[in-house]
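Below you'll find the structure, written out as structure tokens, and then a few comments.
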Amino acid sequence: MGLPLLRKAAVAGSWYPADPRSLAREVDRYLDEADRSVSGTPFAIIAPHAGLMYSGPVAAHSYRLLAGRDLDVAIIVGPSHYVDFEGVAIYPRGAFDTPLGPVPICEPCADAIVAASPLVREHPMAHGREHSLEMQLPFLRRVLPGAEIVPLVMGRQSRRTAYELGQAIATAATGRRAVLIASTDLSHYKSAVVAARLDNKVLQQVLRFDPDGLMSALEAFPDHACGGGPTVSVMVAAKALGALEGRVLKYGDSGDVSGDKDAVVGYLAAAFGSFS
């Protein structure tokens, strides 16, 4: 069975509000509260993908950098939480539905990524329940309402897959007004103290803008990040497109909202580009 032209929202009403006015208010509040001290030209961002009330205050720091920019397409790479497979699943046609309206897919850009790597193919089941891409869309609809997307879900996060996808994204994004988005949470269900120590290893590789270092850290300890492979891909592509540095914009954990610091999920907002 092929992919439907409209991918229905899977977690609206549970992970984020299904009512468009409530959703817009919540997203706008997080954006209004985000730090405005960093400015510049982001080629790529990292944003978390947990329930909006938990990770939204962190994700907003990345999306604030995109607000009002002249961008046509967001290439989003996230991990597969529910389906085990090799390679990368693309949704190449149609749109992703959201309470804020459907987000169309940039079919020429999607086709260019498929043409650049045999690892990228259609895999309908990988997109059906997956939230890692969907959780980015409310922010995108508010900061880049006219942008199209290319949705990519990574299966097994091998070095080959991460690097080949990064190179394919760079090839497809060249000549386009594009931004790259890596969707990832960091460590899961450790105490806040342990999580901060583990997550700092990811933050250091981001600050060094070192995809090789991050890939090696993930190979040694995959639990550093559920979307570590997608993050490496986006870093590889951003470097190829001319990004010069990495910036950590915000770090936090689920306990900042829930108050439970005994078992947290770590969240990171970061960007790659040229900043002041």
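To be explicit about the labels: the chains of the structure tokens are called A, B, and onward in the order shown, and within each one the residues are counted from 1, while ligands get numbers from 1 in the order they are shown.
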
| Nearby residues (only C-alpha atoms) at most 12 Å from Gly213 of chain A, same-chain spacing under 4 positions excluded, as an NGL selection string | :A and (159 or 201-209 or 217-220 or 228 or 231-232 or 235-236)

Would you save the residues from that selection as a PDB file, in the first residue's frame, using N, CA and C atoms?
ATOM      1  N   ARG A 159      26.557   4.677  10.909  1.00  0.00           N
ATOM      2  CA  ARG A 159      27.425   5.725  10.380  1.00  0.00           C
ATOM      3  C   ARG A 159      27.172   5.924   8.879  1.00  0.00           C
ATOM      4  N   LYS A 201      27.950  15.635  26.681  1.00  0.00           N
ATOM      5  CA  LYS A 201      28.807  15.070  25.630  1.00  0.00           C
ATOM      6  C   LYS A 201      28.269  15.429  24.247  1.00  0.00           C
ATOM      7  N   VAL A 202      26.948  15.465  24.106  1.00  0.00           N
ATOM      8  CA  VAL A 202      26.346  15.888  22.840  1.00  0.00           C
ATOM      9  C   VAL A 202      26.548  17.386  22.644  1.00  0.00           C
ATOM     10  N   LEU A 203      26.305  18.157  23.687  1.00  0.00           N
ATOM     11  CA  LEU A 203      26.447  19.607  23.580  1.00  0.00           C
ATOM     12  C   LEU A 203      27.858  19.997  23.160  1.00  0.00           C
ATOM     13  N   GLN A 204      28.861  19.300  23.688  1.00  0.00           N
ATOM     14  CA  GLN A 204      30.244  19.631  23.339  1.00  0.00           C
ATOM     15  C   GLN A 204      30.526  19.382  21.859  1.00  0.00           C
ATOM     16  N   GLN A 205      29.983  18.305  21.307  1.00  0.00           N
ATOM     17  CA  GLN A 205      30.200  18.030  19.883  1.00  0.00           C
ATOM     18  C   GLN A 205      29.457  19.043  19.010  1.00  0.00           C
ATOM     19  N   VAL A 206      28.308  19.507  19.490  1.00  0.00           N
ATOM     20  CA  VAL A 206      27.578  20.561  18.771  1.00  0.00           C
ATOM     21  C   VAL A 206      28.394  21.849  18.773  1.00  0.00           C
ATOM     22  N   LEU A 207      28.925  22.214  19.922  1.00  0.00           N
ATOM     23  CA  LEU A 207      29.724  23.439  20.015  1.00  0.00           C
ATOM     24  C   LEU A 207      30.987  23.360  19.165  1.00  0.00           C
ATOM     25  N   ARG A 208      31.552  22.169  19.060  1.00  0.00           N
ATOM     26  CA  ARG A 208      32.726  21.975  18.201  1.00  0.00           C
ATOM     27  C   ARG A 208      32.349  21.841  16.735  1.00  0.00           C
ATOM     28  N   PHE A 209      31.047  21.707  16.464  1.00  0.00           N
ATOM     29  CA  PHE A 209      30.536  21.450  15.110  1.00  0.00           C
ATOM     30  C   PHE A 209      31.280  20.247  14.528  1.00  0.00           C
ATOM     31  N   ALA A 217      30.721   9.219  19.595  1.00  0.00           N
ATOM     32  CA  ALA A 217      30.101   9.176  20.918  1.00  0.00           C
ATOM     33  C   ALA A 217      28.835   8.327  20.891  1.00  0.00           C
ATOM     34  N   LEU A 218      28.057   8.438  19.822  1.00  0.00           N
ATOM     35  CA  LEU A 218      26.822   7.653  19.709  1.00  0.00           C
ATOM     36  C   LEU A 218      27.112   6.177  19.511  1.00  0.00           C
ATOM     37  N   GLU A 219      28.159   5.871  18.762  1.00  0.00           N
ATOM     38  CA  GLU A 219      28.527   4.476  18.574  1.00  0.00           C
ATOM     39  C   GLU A 219      28.969   3.850  19.892  1.00  0.00           C
ATOM     40  N   ALA A 220      29.620   4.629  20.745  1.00  0.00           N
ATOM     41  CA  ALA A 220      30.044   4.126  22.047  1.00  0.00           C
ATOM     42  C   ALA A 220      28.876   4.014  23.020  1.00  0.00           C
ATOM     43  N   GLY A 228      20.214  10.812  17.390  1.00  0.00           N
ATOM     44  CA  GLY A 228      21.614  11.135  17.175  1.00  0.00           C
ATOM     45  C   GLY A 228      22.025  11.017  15.722  1.00  0.00           C
ATOM     46  N   THR A 231      20.823  13.887  13.732  1.00  0.00           N
ATOM     47  CA  THR A 231      21.610  15.076  14.062  1.00  0.00           C
ATOM     48  C   THR A 231      22.939  15.073  13.324  1.00  0.00           C
ATOM     49  N   VAL A 232      23.588  13.919  13.263  1.00  0.00           N
ATOM     50  CA  VAL A 232      24.836  13.818  12.505  1.00  0.00           C
ATOM     51  C   VAL A 232      24.578  14.148  11.035  1.00  0.00           C
ATOM     52  N   MET A 235      24.256  17.853  10.621  1.00  0.00           N
ATOM     53  CA  MET A 235      25.543  18.522  10.787  1.00  0.00           C
ATOM     54  C   MET A 235      26.418  18.347   9.543  1.00  0.00           C
ATOM     55  N   VAL A 236      26.452  17.136   9.008  1.00  0.00           N
ATOM     56  CA  VAL A 236      27.227  16.873   7.788  1.00  0.00           C
ATOM     57  C   VAL A 236      26.728  17.762   6.652  1.00  0.00           C
TER      58      VAL A 236
END

Dump as a Markdown table the rows for residues of segment 3-52 of chain A within 12 Å of segment 65-68 of chain A: closest atom pair and distance in Å with one decimal, only C-alpha atoms counted, ordered by chain and rising residue number.
| residue | atom | partner | partner_atom | distance |
| --- | --- | --- | --- | --- |
| A:Asp28 | CA | A:Ala67 | CA | 11.2 |
| A:Leu31 | CA | A:Ala67 | CA | 9.3 |
| A:Asp32 | CA | A:Ala67 | CA | 11.2 |
| A:Ala34 | CA | A:Leu65 | CA | 9.7 |
| A:Asp35 | CA | A:Leu65 | CA | 9.6 |
| A:Arg36 | CA | A:Leu65 | CA | 8.3 |
| A:Ser37 | CA | A:Leu65 | CA | 10.3 |
| A:Val38 | CA | A:Leu65 | CA | 8.0 |
| A:Ser39 | CA | A:Leu65 | CA | 7.0 |
| A:Gly40 | CA | A:Leu65 | CA | 7.9 |
| A:Thr41 | CA | A:Leu65 | CA | 8.1 |
| A:Pro42 | CA | A:Leu65 | CA | 7.1 |
| A:Phe43 | CA | A:Leu66 | CA | 9.6 |
| A:Ala44 | CA | A:Leu66 | CA | 9.6 |
| A:Ile45 | CA | A:Leu65 | CA | 8.9 |
| A:Ile46 | CA | A:Leu65 | CA | 11.5 |
| A:Ala47 | CA | A:Leu65 | CA | 11.9 |

Restricted to N, CA and C atoms, what would the selected residues look like written as a compact mmCIF listing (two decimals), in the first residue's frame?
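This went into selection_7.txt:
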# COMPACT_ATOMS: atom_id res chain seq x y z
N ASP A 28 3.10 30.43 20.28
CA ASP A 28 3.50 31.84 20.27
C ASP A 28 4.03 32.27 21.63
N LEU A 31 7.58 31.07 21.83
CA LEU A 31 8.43 31.89 20.97
C LEU A 31 8.69 33.26 21.58
N ASP A 32 7.66 33.84 22.19
CA ASP A 32 7.82 35.16 22.82
C ASP A 32 8.80 35.11 23.99
N ALA A 34 11.39 33.03 24.23
CA ALA A 34 12.70 32.52 23.83
C ALA A 34 13.74 33.63 23.82
N ASP A 35 14.99 33.24 24.07
CA ASP A 35 16.12 34.17 24.11
C ASP A 35 16.31 34.83 22.74
N ARG A 36 16.53 36.14 22.75
CA ARG A 36 16.73 36.88 21.50
C ARG A 36 18.15 37.45 21.38
N SER A 37 19.06 36.96 22.19
CA SER A 37 20.41 37.53 22.20
C SER A 37 21.28 37.01 21.06
N VAL A 38 20.90 35.89 20.43
CA VAL A 38 21.67 35.33 19.32
C VAL A 38 21.00 35.71 18.02
N SER A 39 21.79 36.23 17.07
CA SER A 39 21.28 36.54 15.75
C SER A 39 22.28 36.04 14.72
N GLY A 40 21.83 35.95 13.49
CA GLY A 40 22.72 35.47 12.45
C GLY A 40 21.96 34.69 11.40
N THR A 41 22.69 33.85 10.68
CA THR A 41 22.13 33.09 9.57
C THR A 41 22.21 31.60 9.88
N PRO A 42 21.11 30.99 10.29
CA PRO A 42 21.13 29.55 10.56
C PRO A 42 20.91 28.73 9.30
N PHE A 43 21.81 27.79 9.04
CA PHE A 43 21.61 26.82 7.97
C PHE A 43 20.81 25.62 8.47
N ALA A 44 20.90 25.36 9.78
CA ALA A 44 20.27 24.16 10.34
C ALA A 44 20.01 24.40 11.82
N ILE A 45 19.02 23.68 12.35
CA ILE A 45 18.72 23.74 13.77
C ILE A 45 18.53 22.32 14.32
N ILE A 46 18.67 22.22 15.63
CA ILE A 46 18.28 21.03 16.39
C ILE A 46 17.12 21.43 17.29
N ALA A 47 16.08 20.59 17.33
CA ALA A 47 14.94 20.84 18.21
C ALA A 47 14.43 19.52 18.76

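Between Val194 of chain A and the residues A:Glu148, A:Asp253, A:Glu164, A:Glu130, the shortest atom-to-atom distance, using only C-alpha atoms, involves A:Asp253.
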
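Residue nearest Ala89 of chain A, chosen from A:Met154, A:Met135, A:Ile149, A:Ala110 and counting only C-alpha atoms: A:Met154.
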
For Gly266 of chain A, please output as a PDB file with C-alpha atoms, in the first residue's frame all residues within 8 Å (counting only C-alpha atoms; exclusion window: fewer than 3 positions along the same chain).
ATOM      1  CA  ASP A 185      15.628  14.298  22.426  1.00  0.00           C
ATOM      2  CA  LEU A 186      18.705  13.525  24.508  1.00  0.00           C
ATOM      3  CA  SER A 187      19.091  11.025  27.366  1.00  0.00           C
ATOM      4  CA  HIS A 188      15.955   9.326  28.683  1.00  0.00           C
ATOM      5  CA  ALA A 195      21.250  13.341  32.320  1.00  0.00           C
ATOM      6  CA  ALA A 196      23.134  16.631  32.341  1.00  0.00           C
ATOM      7  CA  ASP A 199      23.863  15.255  27.518  1.00  0.00           C
ATOM      8  CA  TYR A 251      19.365  23.048  27.296  1.00  0.00           C
ATOM      9  CA  GLY A 252      16.716  21.737  29.654  1.00  0.00           C
ATOM     10  CA  ASP A 253      14.903  18.627  30.781  1.00  0.00           C
ATOM     11  CA  SER A 254      11.365  17.437  31.382  1.00  0.00           C
TER      12      SER A 254
END

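With only C-alpha atoms as the atoms that count, the minimum distance from Ala112 of chain A to the choices A:Gly56, A:Leu144, A:Pro222, A:Thr174 is reached by A:Thr174.
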
| request: Might you pull out every residue within 9 Å of Leu23 of chain A, with only C-alpha atoms counted and same-chain residues fewer than 6 positions away left off, and present them as a PyMOL selection string? | output: chain A and resi 16-17+99-100+138

Create the file for the chosen residues now, containing N, CA and C atoms and written as a tab-separated table (two decimals), in the first residue's frame.
chain	number	residue	atom	x	y	z
A	16	TYR	N	-0.02	17.64	21.77
A	16	TYR	CA	-0.18	19.09	21.62
A	16	TYR	C	-1.66	19.35	21.35
A	17	PRO	N	-2.14	20.58	21.56
A	17	PRO	CA	-3.57	20.85	21.41
A	17	PRO	C	-4.06	20.62	19.99
A	99	PRO	N	-3.38	20.91	13.01
A	99	PRO	CA	-4.50	21.78	13.38
A	99	PRO	C	-4.37	23.18	12.80
A	100	LEU	N	-3.15	23.59	12.44
A	100	LEU	CA	-2.91	24.91	11.87
A	100	LEU	C	-2.94	24.90	10.35
A	138	PRO	N	3.97	22.45	14.31
A	138	PRO	CA	3.33	23.65	14.87
A	138	PRO	C	4.26	24.87	14.89

| query | Of the candidates A:Pro102, A:Pro230, A:Pro57, A:Gly166, which one gets nearest to Lys8 of chain A if we count only C-alpha atoms? | reply | A:Pro102

| Within 8 Å of Gln167 of chain A using only C-alpha atoms, minus same-chain residues under 5 positions, as a ChimeraX atom specification | /A:233,236-237,240

| task | Looking only at helix (DSSP H, G or I) from DSSP on the backbone, list the matching residues of segment 124-156 of chain A as a PyMOL selection string. | result | chain A and resi 124-128+134-143

Since we have the selection now, will you write its residues out, keeping N, CA and C atoms, as a compact mmCIF listing (two decimals), in the first residue's frame?
# COMPACT_ATOMS: atom_id res chain seq x y z
N PRO A 124 5.77 3.48 4.06
CA PRO A 124 4.58 4.06 4.67
C PRO A 124 4.47 3.84 6.17
N MET A 125 4.77 2.63 6.65
CA MET A 125 4.58 2.34 8.08
C MET A 125 5.46 3.22 8.97
N ALA A 126 6.63 3.62 8.48
CA ALA A 126 7.54 4.41 9.30
C ALA A 126 6.96 5.78 9.64
N HIS A 127 6.04 6.27 8.82
CA HIS A 127 5.49 7.61 9.03
C HIS A 127 4.14 7.60 9.76
N GLY A 128 3.47 6.46 9.82
CA GLY A 128 2.09 6.44 10.31
C GLY A 128 1.91 6.99 11.71
N GLU A 134 6.34 15.28 13.28
CA GLU A 134 5.08 16.00 13.53
C GLU A 134 5.23 17.09 14.57
N MET A 135 6.05 16.84 15.60
CA MET A 135 6.18 17.81 16.68
C MET A 135 6.90 19.09 16.24
N GLN A 136 7.52 19.07 15.07
CA GLN A 136 8.17 20.29 14.56
C GLN A 136 7.18 21.19 13.82
N LEU A 137 6.07 20.63 13.37
CA LEU A 137 5.21 21.35 12.45
C LEU A 137 4.45 22.53 13.06
N PRO A 138 3.97 22.45 14.31
CA PRO A 138 3.33 23.65 14.87
C PRO A 138 4.26 24.87 14.89
N PHE A 139 5.54 24.65 15.22
CA PHE A 139 6.48 25.77 15.20
C PHE A 139 6.71 26.26 13.78
N LEU A 140 6.88 25.34 12.84
CA LEU A 140 7.11 25.76 11.46
C LEU A 140 5.93 26.56 10.92
N ARG A 141 4.72 26.15 11.24
CA ARG A 141 3.55 26.87 10.75
C ARG A 141 3.50 28.30 11.28
N ARG A 142 4.06 28.52 12.46
CA ARG A 142 4.03 29.87 13.05
C ARG A 142 5.19 30.74 12.57
N VAL A 143 6.37 30.16 12.37
CA VAL A 143 7.52 31.00 12.01
C VAL A 143 7.78 31.05 10.51

| message | Counting only C-alpha atoms, which residue out of A:Leu165, A:Ile181, A:Val193, A:Leu241 sits closest to Gly78 of chain A? | response | A:Ile181

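Of the listed residues (A:Pro92, A:Pro211, A:Gly259, A:Pro118), A:Pro211 comes nearest to Ala238 of chain A; the distances count only C-alpha atoms.
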
| field | Long-range neighbours of segment 84-86 of chain A as a VMD selection string, 10 Å cut-off, only C-alpha atoms, 5 positions minimum in chain | value | chain A and resid 119 to 120 123 125 to 126 154 to 158 161

Output of the above residues as a PDB file, in the first residue's frame, restricted to C-alpha atoms:
ATOM      1  CA  LEU A 119      19.152   4.470   1.113  1.00  0.00           C
ATOM      2  CA  VAL A 120      16.194   6.872   0.903  1.00  0.00           C
ATOM      3  CA  HIS A 123       8.194   3.274   3.716  1.00  0.00           C
ATOM      4  CA  MET A 125       4.583   2.344   8.078  1.00  0.00           C
ATOM      5  CA  ALA A 126       7.538   4.411   9.302  1.00  0.00           C
ATOM      6  CA  MET A 154      15.798   7.402   9.866  1.00  0.00           C
ATOM      7  CA  GLY A 155      15.673   3.729  10.819  1.00  0.00           C
ATOM      8  CA  ARG A 156      18.833   2.082  12.149  1.00  0.00           C
ATOM      9  CA  GLN A 157      21.248   4.906  12.805  1.00  0.00           C
ATOM     10  CA  SER A 158      24.462   3.564  11.330  1.00  0.00           C
ATOM     11  CA  THR A 161      23.226   5.939   6.818  1.00  0.00           C
TER      12      THR A 161
END

| field | All strand (DSSP E) positions in segment 102-217 of chain A, as a list in words | value | Val103, Pro104, Val120, Arg121, Glu122, Glu148, Ile149, Val150, Pro151, Leu152, Val153, Met154, Ala178, Val179, Leu180, Ile181, Ala182, Ser183, His188, Tyr189 and Lys190 of chain A

Would you mind exporting the chosen residues as a compact mmCIF listing (two decimals), in the first residue's frame, restricted to C-alpha atoms?
# COMPACT_ATOMS: atom_id res chain seq x y z
CA VAL A 103 1.99 21.61 5.41
CA PRO A 104 2.80 20.77 1.77
CA VAL A 120 16.19 6.87 0.90
CA ARG A 121 12.90 5.26 -0.11
CA GLU A 122 9.19 5.24 0.61
CA GLU A 148 7.14 23.40 2.38
CA ILE A 149 8.78 20.38 4.00
CA VAL A 150 10.66 17.21 3.17
CA PRO A 151 9.90 14.59 5.89
CA LEU A 152 12.64 11.99 6.51
CA VAL A 153 12.56 9.27 9.17
CA MET A 154 15.80 7.40 9.87
CA ALA A 178 16.29 25.69 2.68
CA VAL A 179 16.76 25.09 6.38
CA LEU A 180 17.64 21.70 7.86
CA ILE A 181 16.03 20.44 11.07
CA ALA A 182 17.33 17.61 13.25
CA SER A 183 14.63 16.30 15.58
CA HIS A 188 15.95 9.33 28.68
CA TYR A 189 14.79 8.62 32.24
CA LYS A 190 17.99 9.32 34.14

Env of Arg177 of chain A: 9 Å cut, atoms = only C-alpha atoms, seq-sep filter 6 positions within chain, self excluded. Answer as a tab-separated table (two decimals) with C-alpha atoms, in the first residue's frame.
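Final file, around.tsv:
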chain	number	residue	atom	x	y	z
A	70	ASP	CA	13.01	34.05	3.40
A	71	LEU	CA	12.98	30.24	3.26
A	72	ASP	CA	11.07	27.94	0.96
A	73	VAL	CA	11.65	24.46	2.37
A	74	ALA	CA	12.47	22.78	5.69
